[in-house]
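Taking it in order: structure first as structure tokens, then the write-up.
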Amino acid sequence: MRVATLVQMAPSLATALTAEDRHPATVVTWLVALVALTVPSVVVLLRRRPLGPAAAVADVAIAVLLLVAGLWTVPVDLRQGTWLGFQAGYAICVACSLLTGVTSRRLYVPLLATLATATAVYQAPTVHRWSDVPDLLGNVLTILVLGPLAWTCTRMIIRIGAEADEARQLAADAARTEEERRARTAIHNGTAVLRLLVETGGDADQPAGLRQQAEIELSRMRAYLTGDALPAAGTTSLAAVVTAARAEFDDLPITVVAHLADEAELNRAVADDLAAALRSLLLNVRLHAGAREVVLHAEEHEDGDGWEVSLHDDGVGFAVDEMSYGVGIRDVVIGQLARSGVATVVDSVPGLGTTVTLTCTPARSPARTEEPV
Amino acid sequence: MTVPRFAHVDDTTALRASLGLLLPDLDFVSAHPNVEDLLAKRPAADVVVLDLHLATAGQPEAAQGPVAIRALVAAGYRVCVYTQEQRRFVLAACLAAGATGVVSKTETLEATAAAFRAVADGELVVPPAVAGLLEVLVRRGSLTVLSPRQRQVLAARARGLTFAEMSRTMFLAESTLRGYWIDLSRIVEEYLQETSAGDIERALGLSPGDLLDP
């Protein structure tokens with residue numbers, strides 16, 4: 001706005017300064033105006049943010065002084081509709097530019113009123129008859145309407161910018177949290193398997209499925225590190241997934257009851273998530289439960305709409321507190337499965353055992369978010 | 001209330017000699033190496049605790065499996081199979097032959113004693129895998145006379161839940177749930193008596209003979 005005013009004033013500069021009947025102070029007013037227009041623009045560009053209330057007060061004070069000086073330096077017939085009498089245009093520029101840096105209405109309204117009053121005083125001598133009044137009124141209203149409009153638009157732009165910054169920060173935080181979750185998901189089961197490999201020592205002592213688990217988890221971790229996707233095409237049956245999970249843990253007393261899951265089809269991505277979740281749950285059983293009997297039950301819902309998997313152990317159990325869930329239950333089971341529309345319910349009683357129920361109801365399932373791992 | 005009496009049939013000498021000692025709260029009236037011996041002596045027992053595999057080198061002609069169960073049931077005994085066998089269709093065949101319970105030899109002594117007593121009370125005692133097969137029979141319309149509550153209890157048993165755990169989630173007393181289970185046991189027993197093995201095989205999606213010839 002200030003640069004535009006400067007450009008508009010430029011063609012009249014030579015005429016104003018060379019006029020034979022010019023007032024001696026005319027040069028000073030033009031110089032002050034040029035400096036007052038240029039300096040704040042440069043400072044704002046360098047700081048990349050608006051100047052504060054003090055600068056706005058100073059800006060309005062300069063504009064008022066120029067209007068008052070104009071009473072002597074600008075002939076009456078040049079005070080409307082010419083840039084030789086730049087003061088009126090300058091006042092509009094101030095109302096629409098620097099004054100927008102004021103955030104307090106209590107400061108803004110008096111400043112704007114002062115500017116409008118000074119303009120009215122400056123142009124009052126141009127009114128010789130009633131028909132001249134609308135011109136004066138129009139100029140004053142220009143300040144009183146355009147100024148607040150510019151002020152409102154600026155506030156809105158600043159608010160939008162602030163909200164955009166906030167949204168960008170939220171997006172960055174969400175991306176970081178998601179990346180951390182993916183990392184935890186990718187390596188959680190792997191660390192548990194590594195721990196078991198270390199604790200079980202020599203090959204002869206290791207459960208038969210442990211090496212197979214290690215290979216699967218190695219693939220998951222490698223896929224995470226390289227960013228490559230695991231094969232996700234095709235479908236499999238729910239019964240096949242739970243039966244395969246049982247095969248990996250043949251050192252545990254697991255009974256698989258999956259006759260009612262033979263015809264429940266899963267796409268490969270959901271099957272992989274379910275397999276990882278079951279692996280995580282069974283690792284927990286192996287490490288912590290001390291169970292004498294583990295039952296892995298799977299069924300397709302009777303109406304054919306969705307399926308349910310439950311894992312029950314008669315081990316030591318624990319007091320259920322969602323806040324105390326480890327990475328396995330929180331991320332690999334609840335978090336990852338929720339992305340596939342599978343709800344997880346953990347029910348455990350110390351001394352009685354633990355039941356984890358995974359329920360998929362397609363009607364409530366979101367479209368699964370695909371990701372590299 | 002009369003104390004139930006048990007007879008034990010097992011080809012393993014050490015187990016025959018020790019089971020009664022290991023379960024001192026139960027009244028074992030006799031122990032036999034095979035079913036033929038028991039049927040010859042006809043002990044005054046309510047429940048026969050029966051090992052599933054009895055035909056060994058020492059007694060190759062001994063009846064075993066569903067044949068042995070049918071013979072004992074025909075003689076008026078209630079049968080509880082006590083075995084290391086875990087194949088669900090083999091265990092289901094035992095139920096189809098008339099056994100009231102199937103108890104694993106890997107169970108703790110406390111759980112074993114409780115299971116034997118439950119069988120003596122007429123309660124169906126089956127591992128979750130076999131309860132899962134009953135669930136299939138219900139789902140496929142072969143076993144149709146269960147109430148919604150009985151179906152709930154069966155589903156919970158198939159998932160491995162104890163009556164104590166069921167009580168928490170279903171908000172019913174354990175004794176009430178056991179009542180549902182005993183009623184269900186009676187219905188299953190009648191169903192197994194009235195339904196041919198071939199029909200059960202078809203309902204389970206098995207090949208002919210799978211259930212008869214474990």
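Simple scheme: letters A, B, ... for chains in structure tokens order, numbers from 1 for residues in each chain, numbers from 1 for ligands in the order shown.
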| task | Please provide as JSON, numbers by chain all residues within 12 Å of Lys105 in chain B, with the sequence filter that same-chain residues fewer than 5 positions apart are discarded (counting only C-alpha atoms). | result | {"B": [10, 15, 19, 49, 50, 51, 52, 80, 81, 82, 83, 84, 85, 86, 110, 111, 112, 113, 115, 116, 127]}
Restricted to C-alpha atoms, what would the selected residues look like written as a CSV table (one decimal), in the first residue's frame?
chain,number,residue,atom,x,y,z
B,10,ASP,CA,-5.5,-98.1,32.3
B,15,LEU,CA,-0.9,-95.3,37.0
B,19,LEU,CA,-4.2,-92.6,40.7
B,49,VAL,CA,-12.1,-93.3,34.4
B,50,LEU,CA,-10.9,-94.8,31.1
B,51,ASP,CA,-7.6,-94.6,29.3
B,52,LEU,CA,-8.1,-94.3,25.5
B,80,CYS,CA,-14.7,-90.1,31.7
B,81,VAL,CA,-11.9,-90.5,29.2
B,82,TYR,CA,-8.5,-89.8,30.8
B,83,THR,CA,-5.9,-89.5,28.1
B,84,GLN,CA,-3.0,-87.8,26.5
B,85,GLU,CA,-4.8,-87.8,23.2
B,86,GLN,CA,-5.3,-84.2,21.9
B,110,GLU,CA,-6.8,-80.5,41.5
B,111,ALA,CA,-8.2,-79.8,38.1
B,112,THR,CA,-8.4,-83.6,37.4
B,113,ALA,CA,-10.2,-84.3,40.6
B,115,ALA,CA,-13.3,-82.8,36.4
B,116,PHE,CA,-13.9,-86.3,37.6
B,127,PRO,CA,-11.5,-79.4,26.3
Kindly determine which residues of chain B lie within 12 Å of chain A, considering only C-alpha atoms, and give the answer as a compact mmCIF listing (two decimals) with N, CA and C atoms, in the first residue's frame.
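After the write, result.txt holds the following:
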# COMPACT_ATOMS: atom_id res chain seq x y z
N GLN B 86 -4.85 -85.60 22.04
CA GLN B 86 -5.27 -84.21 21.90
C GLN B 86 -5.98 -83.94 20.58
N ARG B 87 -6.00 -84.93 19.68
CA ARG B 87 -6.67 -84.69 18.38
C ARG B 87 -8.17 -84.51 18.62
N ARG B 88 -8.68 -83.36 18.19
CA ARG B 88 -10.05 -83.01 18.56
C ARG B 88 -11.10 -83.96 17.99
N PHE B 89 -10.86 -84.49 16.79
CA PHE B 89 -11.86 -85.39 16.21
C PHE B 89 -11.87 -86.73 16.93
N SER B 104 -7.61 -84.32 30.14
CA SER B 104 -6.23 -84.53 29.72
C SER B 104 -5.37 -84.97 30.90
N THR B 106 -2.49 -84.16 31.27
CA THR B 106 -1.58 -83.07 31.61
C THR B 106 -2.19 -82.09 32.61
N GLU B 107 -3.46 -82.27 32.93
CA GLU B 107 -4.10 -81.37 33.90
C GLU B 107 -3.47 -81.54 35.29
N THR B 108 -3.59 -80.50 36.12
CA THR B 108 -3.11 -80.63 37.49
C THR B 108 -4.01 -81.61 38.25
N ALA B 111 -7.32 -79.98 39.19
CA ALA B 111 -8.24 -79.83 38.06
C ALA B 111 -8.79 -81.20 37.64
N PRO B 127 -12.48 -80.46 26.56
CA PRO B 127 -11.50 -79.39 26.33
C PRO B 127 -12.07 -78.38 25.33
N PRO B 128 -11.50 -77.17 25.30
CA PRO B 128 -12.01 -76.14 24.39
C PRO B 128 -12.09 -76.59 22.94
N ALA B 129 -11.14 -77.41 22.51
CA ALA B 129 -11.15 -77.83 21.11
C ALA B 129 -12.43 -78.59 20.78
N VAL B 130 -12.87 -79.43 21.72
CA VAL B 130 -14.09 -80.21 21.48
C VAL B 130 -15.32 -79.31 21.65
N ALA B 131 -15.28 -78.39 22.61
CA ALA B 131 -16.37 -77.43 22.73
C ALA B 131 -16.51 -76.64 21.43
N GLY B 132 -15.36 -76.37 20.80
CA GLY B 132 -15.38 -75.68 19.51
C GLY B 132 -16.11 -76.49 18.45
N LEU B 133 -15.94 -77.81 18.49
CA LEU B 133 -16.66 -78.67 17.53
C LEU B 133 -18.17 -78.62 17.78
N LEU B 134 -18.55 -78.61 19.06
CA LEU B 134 -19.97 -78.47 19.39
C LEU B 134 -20.52 -77.14 18.87
N GLU B 135 -19.68 -76.10 18.98
CA GLU B 135 -20.05 -74.79 18.44
C GLU B 135 -20.33 -74.87 16.94
N VAL B 136 -19.49 -75.65 16.25
CA VAL B 136 -19.70 -75.81 14.81
C VAL B 136 -21.04 -76.51 14.54
N LEU B 137 -21.32 -77.54 15.34
CA LEU B 137 -22.58 -78.27 15.17
C LEU B 137 -23.78 -77.34 15.39
N VAL B 138 -23.65 -76.43 16.37
CA VAL B 138 -24.73 -75.48 16.64
C VAL B 138 -24.85 -74.49 15.48
N ARG B 139 -23.71 -73.95 15.05
CA ARG B 139 -23.72 -72.93 14.00
C ARG B 139 -24.27 -73.50 12.69
N ARG B 140 -23.97 -74.80 12.44
CA ARG B 140 -24.40 -75.38 11.16
C ARG B 140 -25.77 -76.05 11.24
N GLY B 141 -26.46 -75.77 12.34
CA GLY B 141 -27.85 -76.20 12.43
C GLY B 141 -28.05 -77.67 12.71
N ALA B 155 -20.06 -71.02 23.85
CA ALA B 155 -19.06 -70.19 23.16
C ALA B 155 -17.93 -69.81 24.11
N ALA B 156 -18.28 -69.51 25.35
CA ALA B 156 -17.25 -69.13 26.33
C ALA B 156 -16.34 -70.32 26.64
N ARG B 157 -16.94 -71.53 26.76
CA ARG B 157 -16.12 -72.72 27.03
C ARG B 157 -15.18 -72.99 25.85
N ALA B 158 -15.70 -72.76 24.64
CA ALA B 158 -14.86 -72.98 23.46
C ALA B 158 -13.70 -72.00 23.42
N ARG B 159 -13.85 -70.88 24.10
CA ARG B 159 -12.76 -69.89 24.15
C ARG B 159 -11.85 -70.12 25.34
N GLY B 160 -12.12 -71.16 26.11
CA GLY B 160 -11.24 -71.50 27.22
C GLY B 160 -11.58 -70.82 28.52
N LEU B 161 -12.68 -70.08 28.57
CA LEU B 161 -13.02 -69.34 29.80
C LEU B 161 -13.53 -70.29 30.88
N THR B 162 -13.13 -70.02 32.09
CA THR B 162 -13.65 -70.78 33.23
C THR B 162 -15.00 -70.18 33.65
N PHE B 163 -15.71 -70.91 34.52
CA PHE B 163 -16.99 -70.38 34.99
C PHE B 163 -16.78 -69.09 35.78
N ALA B 164 -15.66 -68.99 36.48
CA ALA B 164 -15.38 -67.77 37.24
C ALA B 164 -15.22 -66.58 36.31
N GLU B 165 -14.52 -66.79 35.19
CA GLU B 165 -14.33 -65.69 34.23
C GLU B 165 -15.65 -65.35 33.53
N MET B 166 -16.42 -66.38 33.19
CA MET B 166 -17.72 -66.15 32.57
C MET B 166 -18.61 -65.32 33.50
N SER B 167 -18.54 -65.66 34.78
CA SER B 167 -19.38 -64.99 35.77
C SER B 167 -19.14 -63.49 35.75
N ARG B 168 -17.87 -63.08 35.57
CA ARG B 168 -17.53 -61.66 35.55
C ARG B 168 -18.12 -60.94 34.34
N THR B 169 -18.02 -61.60 33.18
CA THR B 169 -18.43 -60.91 31.96
C THR B 169 -19.93 -61.04 31.67
N ALA B 203 -21.93 -82.62 9.21
CA ALA B 203 -22.08 -81.28 9.81
C ALA B 203 -20.72 -80.65 10.08
N LEU B 204 -19.75 -81.50 10.43
CA LEU B 204 -18.41 -80.97 10.72
C LEU B 204 -17.56 -80.82 9.47
N GLY B 205 -18.08 -81.30 8.35
CA GLY B 205 -17.32 -81.21 7.11
C GLY B 205 -16.22 -82.25 7.03
N LEU B 206 -16.43 -83.39 7.69
CA LEU B 206 -15.41 -84.45 7.67
C LEU B 206 -15.72 -85.46 6.59
| message | For a test of reading the model, state the distance in Å between CA of Ala14 in chain B and CA of Pro60 in chain B, rounded to one decimal. | response | 19.1 Å
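With only C-alpha atoms as the atoms that count, the minimum distance from Glu217 in chain A to the choices A:Cys93, A:Leu78, A:Ala240, A:Ile187 is reached by A:Ile187.
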| request: Can you work out which one of B:Ala31, B:Gly101, B:Val119, B:Leu91 has the shortest atom-to-atom distance to Ser18 in chain B, counting only C-alpha atoms? | output: B:Ala31
For Thr344 in chain A, work out the shell of residues within 8 Å, counting only C-alpha atoms and skipping chain neighbours fewer than 5 positions away, then give it as a PDB file with C-alpha atoms, in the first residue's frame.
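part-v9.pdb, freshly written:
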ATOM      1  CA  VAL A 333      -1.943 -54.756  18.862  1.00  0.00           C
ATOM      2  CA  ILE A 334      -4.380 -51.921  19.642  1.00  0.00           C
ATOM      3  CA  LEU A 337      -5.164 -53.227  14.345  1.00  0.00           C
ATOM      4  CA  ALA A 338      -7.312 -50.125  14.820  1.00  0.00           C
ATOM      5  CA  VAL A 356      -7.735 -60.490  24.570  1.00  0.00           C
ATOM      6  CA  THR A 357     -10.560 -60.171  22.067  1.00  0.00           C
ATOM      7  CA  LEU A 358     -10.005 -58.756  18.577  1.00  0.00           C
ATOM      8  CA  THR A 359     -13.201 -57.885  16.741  1.00  0.00           C
TER       9      THR A 359
END
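CA of Arg5 in chain B to CA of Arg117 in chain B spans 9.6 Å [interatomic distance, one decimal].
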| query | Mind pulling up the distance from CA of Gln123 in chain A to CA of Gln80 in chain A? | reply | 7.3 Å
| said: Using DSSP secondary structure from the backbone, list all alpha helix (DSSP H) positions within chain B, as an MDAnalysis selection string. | reply: chainID B and resid 13:22 35:41 65:74 88:96 109:120 128:139 148:158 163:170 174:194 197:204
| message | Please list as a list in words every residue within 12 Å of Val28 in chain A, counting only C-alpha atoms and excluding residues in the same chain fewer than 6 positions away. | response | Ala16, Leu17, Arg22, Leu34, Val35, Ala36, Leu65, Leu66, Ala69, Gly70 and Thr73 of chain A
For C-alpha atoms, I'd like the residues from the last selection saved as a PDB file, in the first residue's frame.
ATOM      1  CA  ALA A  16       5.305  20.201  -6.837  1.00  0.00           C
ATOM      2  CA  LEU A  17       8.940  21.083  -6.222  1.00  0.00           C
ATOM      3  CA  ARG A  22       5.268  26.908  -3.968  1.00  0.00           C
ATOM      4  CA  LEU A  34       8.819  10.103   1.068  1.00  0.00           C
ATOM      5  CA  VAL A  35      10.912   9.048   4.064  1.00  0.00           C
ATOM      6  CA  ALA A  36       7.812   8.130   6.123  1.00  0.00           C
ATOM      7  CA  LEU A  65       1.374  17.029  10.809  1.00  0.00           C
ATOM      8  CA  LEU A  66       1.541  16.791   7.017  1.00  0.00           C
ATOM      9  CA  ALA A  69       1.248  21.736   7.143  1.00  0.00           C
ATOM     10  CA  GLY A  70      -0.788  21.274   3.983  1.00  0.00           C
ATOM     11  CA  THR A  73       1.758  24.501   1.628  1.00  0.00           C
TER      12      THR A  73
END
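With only C-alpha atoms as the atoms that count, the minimum distance from Ala150 in chain A to the choices A:Val242, A:Met1, A:Ala14, A:Ala116 is reached by A:Met1.
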| Sel. of strand (DSSP E) residues, range 51-296 of chain A, as a ChimeraX atom specification | /A:235-237,254-260,265-267,294-296
| Which residues, written as a PyMOL selection string, have at least one atom at most 8 Å from range 20-29 of chain B, with only C-alpha atoms counted and residues fewer than 3 positions away on the same chain left out? | chain B and resi 3-8+16-17+43-45+109+113
File of the preceding selection, C-alpha atoms, as a compact mmCIF listing (two decimals), in the first residue's frame:
# COMPACT_ATOMS: atom_id res chain seq x y z
CA VAL B 3 -20.28 -89.93 47.30
CA PRO B 4 -19.51 -90.94 43.71
CA ARG B 5 -17.43 -94.07 43.23
CA PHE B 6 -14.86 -94.42 40.50
CA ALA B 7 -13.32 -97.35 38.68
CA HIS B 8 -10.10 -96.92 36.77
CA ARG B 16 -3.47 -97.88 38.06
CA ALA B 17 -1.69 -98.25 41.37
CA PRO B 43 -17.40 -103.15 40.26
CA ALA B 44 -20.05 -100.97 41.96
CA ALA B 45 -18.84 -97.72 40.44
CA LEU B 109 -4.33 -83.07 40.15
CA ALA B 113 -10.25 -84.30 40.58
